[in-house]
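Working notes, structure below.
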Amino acid sequence: MTENTPPHLESAGRRPRGFATAAVHAGQEFDPTTGAVVPPIHLSSTYAQDGIGGLRGGYEYGRAANPTRTSLQTQLAAAEGGSYAFSFASGLAAEDAVLRAVMRPGQQVVMGNDAYGGTFRLISRVHGEWGVVTRPMDLADLNQVAEALSAPEATVLWVETPSNPLMAITDIEALAKIARSSEALLVVDNTFATPYLQQPLALGADVVVHSTTKYIGGHSDVVGGAAVVDDADLAEKIGFQQFAVGAVSGPLDAYLTTRGLKTLGVRMDRHCSNAEAVAAHLVGHPAVERVLYPGLADHPGHEMAKRQMSGFGGMVSVQLAGGEPAARKVAEGTKLFQLAESLGGIESLMNFPHEMTHASVRGTDLAVPVNLLRLSVGIEDVRDLIDDLDAALAGL
């Protein structure tokens, strides 16, 4: 990086002090003109130059950089403990930029066989048209992963942990060692865990991606995505994609995301405690076949989650004993848990992945069980949430 590096490629530096301090203060300096403690939203699409090529603060055109987006990127990098962050118009836009930055025709992405359907669709169908090959597999089988990454065309190892919606926990540190020995890039989707509960870069990941629409935004009122890295060369490649392709977050979206990130820690504490209570209540319910939540002692990834996460998150998946008919009835029978796409907002949401978020993988090896419901447990009074679920289950 040079002294003329545009703001969107500048290093954000390491996370200062504790997480909450970084989330509140990183990139959020008060306005020097008025003293406003909340930085202003910069809506301008272009910036007056001090003579030809004389950029004021490095700003030239809104697609290249915007002060509100720069503030958010500084905040995101600090929250993830990274050096560079990039804010995008959606989580898939962030993933697309990372893939474009590092993949070439004929190369392979090794990924979990329970990945988010949208990610699988992006890689297999969009990038697949350009010769990128997708290799889904069980990432818990480290020998199988090592064998797959030993192929010279294996370029990226893509990990979700916890996974969406089966809540599998993957050993980031172990996979980072395998990826490094194979000269592959480890990308971790940290959307479910959030940087408050899990720090993939510290565990050896090369790239962290987020749908900031979810917990980071936190209020179901803004769509966005992010990529965070430590390596300057990788940052330059992703930054070029952000600039050249242009799927950037607008200033209002960046502001809303910034505001959400400031309260992420306190919200996640409540999401976690509510989810733990909901999961514990559903265990043993006669209508419930299985509860998938890493906070449960019998979850296969429980011990790993304890090691690499500081909490178990706000997502709970449930398989119903009555099969698909029961899942459909419960999904449409709750009052507080609203039937909707997405997750991570303050309100509780219910999702039937088979026909909603994961419809794109039906009929493939990545298809989710037809009796599975995904619960995004919000911050409401937990007794009310449990009563809502009990009432819906009682109707079976």
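By order in the structure tokens, chains are A, B, ...; within a chain, residues start at 1; ligands start at 1, following the order shown.
Every protein, DNA or RNA residue with an atom at most 8 Å from Ala326 (chain A), where only C-alpha atoms count and chain neighbours fewer than 5 positions away do not, is listed here: Leu320, Ala321, Asn371 and Leu396 of chain A.
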Apply DSSP to the structure's backbone, then extract all residues of region 212-371 of chain A labelled helix (DSSP H, G or I) and return them as JSON, numbers by chain.
-> {"A": [232, 233, 234, 235, 236, 237, 238, 239, 240, 241, 242, 243, 244, 245, 251, 252, 253, 254, 255, 256, 257, 258, 259, 260, 261, 262, 264, 265, 266, 267, 268, 269, 270, 271, 272, 273, 274, 275, 276, 277, 278, 279, 280, 281, 282, 302, 303, 304, 305, 306, 307, 308, 323, 324, 325, 326, 327, 328, 329, 330, 331, 359, 360, 361]}
What lies within 12 Å of Leu43 (chain A) using only C-alpha atoms, ignoring chain neighbours under 4 positions off, as a list in words?
-> Tyr47, Tyr61, Gly62, Arg63, Ala65, Asn66, Pro67, Thr68, Arg69, Ser249, Gly250, Pro251, Leu252, Asp253, Ala254 and Tyr255 of chain A
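With only C-alpha atoms as the basis for measurement, A:Gln75 is the residue among A:Asn164, A:Gln75, A:Thr170, A:Thr46 that approaches His25 (chain A) most closely.
Near region 272-284 of chain A, within 8 Å and counting only C-alpha atoms, sit A:Arg290, A:Val291, A:Leu292, A:Tyr293, A:Gly295, A:Leu296, A:Gly311, A:Phe312, A:Gly313, A:Gly314, A:Met315, A:Val316, A:Val377, A:Gly378, A:Ile379, A:Val382, A:Leu385, A:Ile386, not including residues fewer than 6 positions from it in the same chain.
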Residues just named, written with N, CA and C atoms as a PDB file, in the first residue's frame:
```
ATOM      1  N   ARG A 290     -35.426 -34.223  16.950  1.00  0.00           N
ATOM      2  CA  ARG A 290     -34.033 -33.855  17.205  1.00  0.00           C
ATOM      3  C   ARG A 290     -33.904 -32.339  17.287  1.00  0.00           C
ATOM      4  N   VAL A 291     -33.084 -31.881  18.217  1.00  0.00           N
ATOM      5  CA  VAL A 291     -32.767 -30.458  18.340  1.00  0.00           C
ATOM      6  C   VAL A 291     -31.298 -30.275  17.976  1.00  0.00           C
ATOM      7  N   LEU A 292     -31.029 -29.387  17.027  1.00  0.00           N
ATOM      8  CA  LEU A 292     -29.665 -29.123  16.573  1.00  0.00           C
ATOM      9  C   LEU A 292     -29.229 -27.766  17.122  1.00  0.00           C
ATOM     10  N   TYR A 293     -28.419 -27.801  18.162  1.00  0.00           N
ATOM     11  CA  TYR A 293     -27.911 -26.569  18.777  1.00  0.00           C
ATOM     12  C   TYR A 293     -26.578 -26.888  19.433  1.00  0.00           C
ATOM     13  N   GLY A 295     -24.949 -25.652  21.712  1.00  0.00           N
ATOM     14  CA  GLY A 295     -24.888 -25.481  23.151  1.00  0.00           C
ATOM     15  C   GLY A 295     -25.348 -26.695  23.929  1.00  0.00           C
ATOM     16  N   LEU A 296     -25.981 -27.644  23.263  1.00  0.00           N
ATOM     17  CA  LEU A 296     -26.409 -28.878  23.929  1.00  0.00           C
ATOM     18  C   LEU A 296     -25.226 -29.831  24.077  1.00  0.00           C
ATOM     19  N   GLY A 311     -19.606 -18.311  22.771  1.00  0.00           N
ATOM     20  CA  GLY A 311     -21.022 -18.533  23.015  1.00  0.00           C
ATOM     21  C   GLY A 311     -21.551 -19.393  21.884  1.00  0.00           C
ATOM     22  N   PHE A 312     -22.777 -19.888  22.031  1.00  0.00           N
ATOM     23  CA  PHE A 312     -23.277 -20.871  21.069  1.00  0.00           C
ATOM     24  C   PHE A 312     -24.240 -20.296  20.039  1.00  0.00           C
ATOM     25  N   GLY A 313     -24.515 -19.012  20.091  1.00  0.00           N
ATOM     26  CA  GLY A 313     -25.295 -18.369  19.043  1.00  0.00           C
ATOM     27  C   GLY A 313     -26.795 -18.387  19.284  1.00  0.00           C
ATOM     28  N   GLY A 314     -27.505 -17.746  18.349  1.00  0.00           N
ATOM     29  CA  GLY A 314     -28.940 -17.583  18.478  1.00  0.00           C
ATOM     30  C   GLY A 314     -29.756 -18.421  17.523  1.00  0.00           C
ATOM     31  N   MET A 315     -29.130 -19.361  16.815  1.00  0.00           N
ATOM     32  CA  MET A 315     -29.824 -20.183  15.838  1.00  0.00           C
ATOM     33  C   MET A 315     -30.068 -21.596  16.385  1.00  0.00           C
ATOM     34  N   VAL A 316     -31.278 -22.076  16.231  1.00  0.00           N
ATOM     35  CA  VAL A 316     -31.645 -23.419  16.651  1.00  0.00           C
ATOM     36  C   VAL A 316     -32.395 -24.081  15.496  1.00  0.00           C
ATOM     37  N   VAL A 377     -33.748 -17.188  16.914  1.00  0.00           N
ATOM     38  CA  VAL A 377     -34.325 -16.808  18.199  1.00  0.00           C
ATOM     39  C   VAL A 377     -33.969 -15.353  18.499  1.00  0.00           C
ATOM     40  N   GLY A 378     -34.985 -14.538  18.658  1.00  0.00           N
ATOM     41  CA  GLY A 378     -34.781 -13.108  18.851  1.00  0.00           C
ATOM     42  C   GLY A 378     -34.521 -12.732  20.299  1.00  0.00           C
ATOM     43  N   ILE A 379     -34.753 -11.457  20.608  1.00  0.00           N
ATOM     44  CA  ILE A 379     -34.429 -10.952  21.949  1.00  0.00           C
ATOM     45  C   ILE A 379     -35.686 -10.685  22.780  1.00  0.00           C
ATOM     46  N   VAL A 382     -38.104 -14.638  26.759  1.00  0.00           N
ATOM     47  CA  VAL A 382     -37.973 -16.040  26.347  1.00  0.00           C
ATOM     48  C   VAL A 382     -39.185 -16.875  26.740  1.00  0.00           C
ATOM     49  N   LEU A 385     -41.599 -16.716  23.953  1.00  0.00           N
ATOM     50  CA  LEU A 385     -41.163 -17.509  22.800  1.00  0.00           C
ATOM     51  C   LEU A 385     -41.439 -18.992  23.024  1.00  0.00           C
ATOM     52  N   ILE A 386     -41.155 -19.471  24.213  1.00  0.00           N
ATOM     53  CA  ILE A 386     -41.409 -20.882  24.515  1.00  0.00           C
ATOM     54  C   ILE A 386     -42.906 -21.174  24.465  1.00  0.00           C
TER      55      ILE A 386
END
```
